[in-house]
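Here is the structure we will look at.
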Amino acid sequence: ECGGRADAVANAVLAGVLGSTTVVTGKGIGDAVATAIPLRMLRAVMPLLALVPTHLYVLNRGMGRHSSVVFVPLQVAAGLLANIFSGFLLYGESPESPSCFSLGALLLIGGVLGLAAASVGVGAAGAPPGPAKLVRTLSAAERGADSR
């Protein structure tokens with residue numbers, strides 16, 4: 001298996017952050033289209049030319065190297081947290097109940113990290129048995145049976 005626990009988490013976090021960046025870029029495109037200024041619309045679309053292929057590469061690489069049972073929840077959680085923090089930083093959003101929000105964020109982070117710790121690196125003891133060896137049997141023609 002390529003990479004370990006840290007590699008799975010790093011790939012998933014990068015994929016989540018890139019996904020969040022794509023969402024923020026989409027909001028910028030929407031704002032630019034509302035102005036009907038062609039140059040502004042073009043400038044808003046330009047970051048997607050780098051973001052989309054990079055995001056797809058990171059997603060494909062992460063899914064290819066790590067179990068989707070681990071990678072997908074980590075990536076979704078990272079994307080959700082990145083969206084929340086971009087809302088704080090860029091748009092001045094804040095939770096109505098900081099204590100409940102903090103508890104929810106800690107549960108989210110703890111849950112996916114616990115999943116990663118439990119699932120990544122599961123060895124022969126926790127893995128399902130592999131396929132059985134193929135056993136060749138004689139065909140009807142080889143046994144001399146009549147095939148009519």
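Here, A, B, ... name the chains of the structure tokens in the order displayed, residue numbers run from 1 inside each chain, and ligands are numbered from 1 in the same displayed order.
With only C-alpha atoms taken into account, the protein and nucleic acid residues at most 7 Å from region 54-61 of chain A (excluding it and anything under 5 positions from it in its own chain) are Asn11, Ala15, Leu18 and Gly19 of chain A.
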Write the selection just made, keeping all heavy atoms, as an mmCIF file, in the first residue's frame?
data_model
loop_
_atom_site.group_PDB
_atom_site.id
_atom_site.type_symbol
_atom_site.label_atom_id
_atom_site.label_comp_id
_atom_site.auth_asym_id
_atom_site.auth_seq_id
_atom_site.Cartn_x
_atom_site.Cartn_y
_atom_site.Cartn_z
ATOM 1 N N ASN A 11 -3.816 13.996 1.838
ATOM 2 C CA ASN A 11 -4.521 13.993 0.553
ATOM 3 C C ASN A 11 -5.962 14.441 0.720
ATOM 4 O O ASN A 11 -6.472 15.236 -0.074
ATOM 5 C CB ASN A 11 -4.503 12.585 -0.058
ATOM 6 C CG ASN A 11 -3.321 12.354 -0.943
ATOM 7 O OD1 ASN A 11 -3.219 12.937 -2.014
ATOM 8 N ND2 ASN A 11 -2.427 11.507 -0.505
ATOM 9 N N ALA A 15 -7.685 17.804 -0.800
ATOM 10 C CA ALA A 15 -8.851 17.692 -1.676
ATOM 11 C C ALA A 15 -10.026 18.499 -1.124
ATOM 12 O O ALA A 15 -10.733 19.164 -1.887
ATOM 13 C CB ALA A 15 -9.249 16.227 -1.839
ATOM 14 N N LEU A 18 -9.244 22.255 -1.653
ATOM 15 C CA LEU A 18 -9.401 22.610 -3.065
ATOM 16 C C LEU A 18 -10.870 22.668 -3.461
ATOM 17 O O LEU A 18 -11.282 23.545 -4.220
ATOM 18 C CB LEU A 18 -8.652 21.612 -3.948
ATOM 19 C CG LEU A 18 -7.135 21.761 -3.960
ATOM 20 C CD1 LEU A 18 -6.489 20.567 -4.655
ATOM 21 C CD2 LEU A 18 -6.718 23.058 -4.624
ATOM 22 N N GLY A 19 -11.678 21.747 -2.934
ATOM 23 C CA GLY A 19 -13.108 21.792 -3.202
ATOM 24 C C GLY A 19 -13.753 23.043 -2.649
ATOM 25 O O GLY A 19 -14.591 23.665 -3.298
#
> Which neighbours of Leu74 (chain A) fall inside 8 Å, counting only C-alpha atoms, when residues of the same chain fewer than 6 positions from it are skipped, and could you give them as a list of chain:residue names?
Replying inline: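 Near neighbours after the sequence-gap exclusion: A:Val9, A:Ala12, A:Val13, A:Val112, A:Leu113, A:Ala116.
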What does the file look like for those residues with N, CA and C atoms, as an mmCIF file, in the first residue's frame?
data_model
loop_
_atom_site.group_PDB
_atom_site.id
_atom_site.type_symbol
_atom_site.label_atom_id
_atom_site.label_comp_id
_atom_site.auth_asym_id
_atom_site.auth_seq_id
_atom_site.Cartn_x
_atom_site.Cartn_y
_atom_site.Cartn_z
ATOM 1 N N VAL A 9 -4.596 11.375 5.290
ATOM 2 C CA VAL A 9 -5.154 12.602 5.870
ATOM 3 C C VAL A 9 -4.726 13.818 5.053
ATOM 4 N N ALA A 12 -6.639 13.924 1.745
ATOM 5 C CA ALA A 12 -8.041 14.261 1.960
ATOM 6 C C ALA A 12 -8.217 15.731 2.335
ATOM 7 N N VAL A 13 -7.345 16.236 3.173
ATOM 8 C CA VAL A 13 -7.440 17.649 3.570
ATOM 9 C C VAL A 13 -7.192 18.551 2.358
ATOM 10 N N VAL A 112 -13.811 11.563 12.188
ATOM 11 C CA VAL A 112 -13.100 11.162 10.972
ATOM 12 C C VAL A 112 -11.667 10.749 11.274
ATOM 13 N N LEU A 113 -11.036 11.382 12.245
ATOM 14 C CA LEU A 113 -9.681 10.946 12.606
ATOM 15 C C LEU A 113 -9.714 9.577 13.279
ATOM 16 N N ALA A 116 -10.080 7.161 10.500
ATOM 17 C CA ALA A 116 -8.807 6.985 9.804
ATOM 18 C C ALA A 116 -7.865 6.111 10.615
#
> Smallest atom-to-atom distance to Leu115 (chain A): which of A:Val23, A:Leu51, A:Val70, A:Met41, using only C-alpha atoms?
Replying inline: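 When distances to Leu115 (chain A) are compared using only C-alpha atoms, the smallest one comes from A:Val70.
If you look at CA of Gly104 (chain A) and CA of Arg65 (chain A), they are 29.2 Å away from each other.
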>> Measuring between only C-alpha atoms, which one of A:Val72, A:Val33, A:Leu81, A:Leu39 shows the shortest distance to Thr21 (chain A)?
In response: A:Leu81
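Omitting Asn83 (chain A) and its sequence neighbours fewer than 2 positions away, and counting only C-alpha atoms, the residues within 12 Å are Gly16, Val17, Leu18, Gly19, Ser20, Thr21, Thr22, Val23, Val24, Thr25, Val76, Ala77, Ala78, Gly79, Leu80, Leu81, Phe85, Ser86, Gly87, Phe88, Leu89, Leu90, Tyr91 and Glu93 of chain A.
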>> Taking the DSSP secondary structure from the backbone, can you list the residues of chain A that are alpha helix (DSSP H), as a PyMOL selection string?
In response: chain A and resi 5-35+38-65+68-91+98-119+140-143
Convert the current residue selection to file output with C-alpha atoms, as a tab-separated table (two decimals), in the first residue's frame.
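And here's selection.tsv as it stands now:
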chain	number	residue	atom	x	y	z
A	5	ARG	CA	-2.21	7.35	7.71
A	6	ALA	CA	-0.57	10.77	7.39
A	7	ASP	CA	-0.63	10.54	3.59
A	8	ALA	CA	-4.35	9.69	3.58
A	9	VAL	CA	-5.15	12.60	5.87
A	10	ALA	CA	-2.96	15.03	3.89
A	11	ASN	CA	-4.52	13.99	0.55
A	12	ALA	CA	-8.04	14.26	1.96
A	13	VAL	CA	-7.44	17.65	3.57
A	14	LEU	CA	-5.91	19.03	0.36
A	15	ALA	CA	-8.85	17.69	-1.68
A	16	GLY	CA	-11.31	19.25	0.78
A	17	VAL	CA	-9.58	22.62	0.74
A	18	LEU	CA	-9.40	22.61	-3.07
A	19	GLY	CA	-13.11	21.79	-3.20
A	20	SER	CA	-13.87	24.65	-0.86
A	21	THR	CA	-11.74	26.99	-2.95
A	22	THR	CA	-13.73	25.96	-6.01
A	23	VAL	CA	-16.95	26.88	-4.16
A	24	VAL	CA	-15.57	30.30	-3.27
A	25	THR	CA	-14.44	30.79	-6.88
A	26	GLY	CA	-17.95	29.90	-8.03
A	27	LYS	CA	-19.35	32.63	-5.79
A	28	GLY	CA	-16.89	35.06	-7.36
A	29	ILE	CA	-18.03	34.02	-10.83
A	30	GLY	CA	-21.64	34.61	-9.83
A	31	ASP	CA	-20.80	38.08	-8.58
A	32	ALA	CA	-18.84	38.85	-11.76
A	33	VAL	CA	-21.64	37.66	-14.06
A	34	ALA	CA	-24.06	39.93	-12.19
A	35	THR	CA	-21.93	42.95	-13.19
A	38	PRO	CA	-16.75	40.76	-19.72
A	39	LEU	CA	-13.22	41.38	-18.39
A	40	ARG	CA	-14.36	40.90	-14.81
A	41	MET	CA	-16.14	37.65	-15.77
A	42	LEU	CA	-13.00	36.40	-17.51
A	43	ARG	CA	-10.84	37.22	-14.46
A	44	ALA	CA	-13.30	35.35	-12.25
A	45	VAL	CA	-13.17	32.22	-14.43
A	46	MET	CA	-9.35	32.12	-14.75
A	47	PRO	CA	-8.66	30.56	-11.31
A	48	LEU	CA	-10.86	27.60	-12.25
A	49	LEU	CA	-8.45	26.74	-15.05
A	50	ALA	CA	-5.89	25.83	-12.39
A	51	LEU	CA	-8.23	24.72	-9.59
A	52	VAL	CA	-10.35	22.16	-11.41
A	53	PRO	CA	-7.53	20.01	-12.86
A	54	THR	CA	-5.59	20.20	-9.61
A	55	HIS	CA	-8.64	19.20	-7.57
A	56	LEU	CA	-9.39	16.27	-9.90
A	57	TYR	CA	-5.76	15.12	-9.76
A	58	VAL	CA	-5.70	15.21	-5.95
A	59	LEU	CA	-9.05	13.40	-5.71
A	60	ASN	CA	-8.01	10.68	-8.16
A	61	ARG	CA	-4.63	10.25	-6.50
A	62	GLY	CA	-6.15	10.01	-3.03
A	63	MET	CA	-8.88	7.59	-4.10
A	64	GLY	CA	-6.32	5.46	-5.92
A	65	ARG	CA	-3.92	5.25	-3.00
A	68	SER	CA	-12.61	5.21	-0.06
A	69	VAL	CA	-14.01	4.23	3.35
A	70	VAL	CA	-11.29	6.40	4.85
A	71	PHE	CA	-10.62	8.97	2.13
A	72	VAL	CA	-14.17	10.14	1.39
A	73	PRO	CA	-15.24	10.99	4.98
A	74	LEU	CA	-11.91	12.75	5.60
A	75	GLN	CA	-12.24	14.73	2.38
A	76	VAL	CA	-15.87	15.70	3.05
A	77	ALA	CA	-15.07	16.76	6.61
A	78	ALA	CA	-12.08	18.81	5.43
A	79	GLY	CA	-14.21	20.45	2.76
A	80	LEU	CA	-16.97	21.26	5.24
A	81	LEU	CA	-14.53	22.78	7.72
A	82	ALA	CA	-12.81	24.75	4.93
A	83	ASN	CA	-16.19	26.10	3.79
A	84	ILE	CA	-16.97	27.14	7.37
A	85	PHE	CA	-13.64	28.90	7.82
A	86	SER	CA	-13.91	30.65	4.45
A	87	GLY	CA	-17.33	31.90	5.59
A	88	PHE	CA	-15.71	33.28	8.76
A	89	LEU	CA	-12.79	34.89	6.95
A	90	LEU	CA	-14.32	36.11	3.69
A	91	TYR	CA	-17.94	36.81	4.50
A	98	PRO	CA	-20.10	29.18	19.46
A	99	SER	CA	-20.06	26.47	22.13
A	100	CYS	CA	-22.41	24.15	20.20
A	101	PHE	CA	-20.54	24.89	16.98
A	102	SER	CA	-17.20	24.10	18.60
A	103	LEU	CA	-18.56	20.87	20.04
A	104	GLY	CA	-19.91	19.85	16.63
A	105	ALA	CA	-16.62	20.66	14.90
A	106	LEU	CA	-14.69	18.65	17.51
A	107	LEU	CA	-17.05	15.69	17.07
A	108	LEU	CA	-16.63	15.89	13.30
A	109	ILE	CA	-12.83	16.05	13.47
A	110	GLY	CA	-12.62	13.38	16.17
A	111	GLY	CA	-14.94	11.06	14.27
A	112	VAL	CA	-13.10	11.16	10.97
A	113	LEU	CA	-9.68	10.95	12.61
A	114	GLY	CA	-10.91	7.99	14.66
A	115	LEU	CA	-12.16	6.40	11.46
A	116	ALA	CA	-8.81	6.98	9.80
A	117	ALA	CA	-6.93	5.54	12.76
A	118	ALA	CA	-9.16	2.46	12.88
A	119	SER	CA	-9.36	1.80	9.13
A	140	ALA	CA	-17.02	-32.42	-20.38
A	141	ALA	CA	-14.98	-32.91	-23.57
A	142	GLU	CA	-11.88	-33.81	-21.55
A	143	ARG	CA	-13.86	-36.33	-19.50
